[in-house]
Every structure is written in structure tokens, then in C-alpha cells.
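Visitor: One structure follows; several queries about it will come next.
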Amino acid sequence: IMNNMLSGSAFRFRTPSTWMRQLSIKALPAKLSEPSRTAELQKLHTQGWKLVDGRDAIVKSFLFKDFVASFSFMTAVAFKAEAMQHHPEWFNVYNRVDVTLSTHDCDGLSPLDVELAQYMDKEHAKFK
């Protein structure tokens, strides 16, 4: 069985470059540079994002009129997060969604966190 699986077209690699193209490997995200970090965190702070004590992460609580609105927000964010391959840590109780963002691949804040935070703020504004 294993020989049949390995002989399939997906496993026929002629050169290392072909193998790499077929795998579609994405580069790991890098931490925000210090100048970018300062500028981006200042902007996010004005939107209610705060640094997490003892960890290179940001946190924010979003409030909604009810559970349906909070869950609708989470659904919209889930589709964006999946497309980005960058998933938030979050917790939902009725009309509140608590979010923590940090990039595990670089053990800190990356441009992915900034992009997702900005997206969440735009989505949340739709519910006001």
C-alpha cells in the first residue's frame, strides 16, 4: 500500500526546486521591528488594544448588543483568520468577546497581529 501511495503523481519529484514548489512553503512571520512596533501599537492603543503583562501580545474586549451579534463577529473574523492562517486566542460569553493576539511562530507580535486587530476593529464597527 505504501509503495502505491509513494508512487502517486503527488510524490514524483524530479528536482529539489520542483519539490519546494509543490509544497508551497510559506516563510514564517517575523516580529515587528522596533520602529514599526511603536507606531502600530500607538494606533492600536487608540482603538482600545492593550499590551499583555509578561507576554509579547495585545488584548481587547469587544462588546455587542447580544450573543447573536458577538457570534456573528466571531464568524466573520474566523473566515479572515483562516484566510490569513493566523488564528486568535479568544473567549466568548454572551455579548462579550475577549481577544488576545500574538504570533506563536515568532513568539511575539508580528504584522499579522496588526492586520487581524485592524480587521476586528472594522468588523466590530459594523455592529454599532
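The chains in the C-alpha cells are called A, B, ... from first to last as shown; in each chain the residues are counted from 1, and the ligands are counted from 1 in the order shown.
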Pick out the residues sitting within 8 Å of Ser70 (chain A), and hand them over as a PDB file with N, CA and C atoms, in the first residue's frame; count only C-alpha atoms, and ignore anything fewer than 6 positions along from it in its own chain.

Guide:
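Below you can see part-v4.pdb, which holds the result:
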ATOM      1  N   LEU A  63     -17.577  44.419  22.941  1.00  0.00           N
ATOM      2  CA  LEU A  63     -18.927  44.262  23.462  1.00  0.00           C
ATOM      3  C   LEU A  63     -19.951  44.429  22.344  1.00  0.00           C
ATOM      4  N   PHE A  64     -21.022  43.641  22.421  1.00  0.00           N
ATOM      5  CA  PHE A  64     -22.075  43.629  21.416  1.00  0.00           C
ATOM      6  C   PHE A  64     -23.428  43.711  22.104  1.00  0.00           C
ATOM      7  N   ASN A  92     -15.559  33.828  24.504  1.00  0.00           N
ATOM      8  CA  ASN A  92     -16.859  34.479  24.320  1.00  0.00           C
ATOM      9  C   ASN A  92     -17.804  34.119  25.449  1.00  0.00           C
ATOM     10  N   TYR A  94     -21.737  35.408  26.201  1.00  0.00           N
ATOM     11  CA  TYR A  94     -22.907  36.155  25.775  1.00  0.00           C
ATOM     12  C   TYR A  94     -22.559  37.282  24.805  1.00  0.00           C
ATOM     13  N   ASN A  95     -22.458  38.530  25.281  1.00  0.00           N
ATOM     14  CA  ASN A  95     -22.252  39.662  24.370  1.00  0.00           C
ATOM     15  C   ASN A  95     -20.815  40.180  24.375  1.00  0.00           C
ATOM     16  N   ARG A  96     -19.898  39.441  24.948  1.00  0.00           N
ATOM     17  CA  ARG A  96     -18.510  39.885  25.042  1.00  0.00           C
ATOM     18  C   ARG A  96     -17.583  38.875  24.374  1.00  0.00           C
ATOM     19  N   VAL A  97     -16.613  39.406  23.626  1.00  0.00           N
ATOM     20  CA  VAL A  97     -15.570  38.577  23.024  1.00  0.00           C
ATOM     21  C   VAL A  97     -14.226  39.163  23.457  1.00  0.00           C
TER      22      VAL A  97
END

Visitor: Within region 4-128 of chain A, find each residue whose DSSP state, derived from the backbone, is alpha helix (DSSP H), and express the selection as JSON, numbers by chain.

Guide: {"A": [4, 5, 6, 16, 17, 18, 19, 20, 21, 22, 23, 34, 35, 36, 37, 38, 39, 40, 41, 42, 43, 44, 45, 46, 67, 68, 69, 70, 71, 72, 73, 74, 75, 76, 77, 78, 79, 80, 81, 82, 83, 84, 111, 112, 113, 114, 115, 116, 117, 118, 119, 120, 121, 122, 123, 124, 125]}

Visitor: Residues within 12 Å of region 47-52 of chain A, please, as JSON, numbers by chain. Count only C-alpha atoms; anything in the same chain fewer than 5 positions from it doesn't count.

Guide: {"A": [37, 38, 40, 41, 42, 57, 58, 59, 60, 61, 62, 63, 98, 99, 100, 101, 102, 108, 109, 113, 114, 116, 117, 118, 119, 120, 121, 122, 124, 125]}

Visitor: Give me the residues within 10 Å of Cys106 (chain A) as an NGL selection string, counting only C-alpha atoms and dropping any in the same chain fewer than 3 places off.

Guide: :A and (28-32 or 102-103 or 109-110)

Visitor: Between A:Pro35, A:Asp56, A:Val93, A:Leu44, which one has atoms that come closest to Val68 (chain A), using only C-alpha atoms?

Guide: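 The answer is A:Val93, which sits nearest to Val68 (chain A).
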
Visitor: Expressed in Å to a single decimal, how great is the separation between CA of Ala69 (chain A) and CA of His87 (chain A)?

Guide: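 Between CA of Ala69 (chain A) and CA of His87 (chain A) the gap works out to 19.9 Å.
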
Visitor: What does the structure give for the distance between CA of Trp90 (chain A) and CA of Lys43 (chain A), in Å to one decimal?

Guide: 21.4 Å
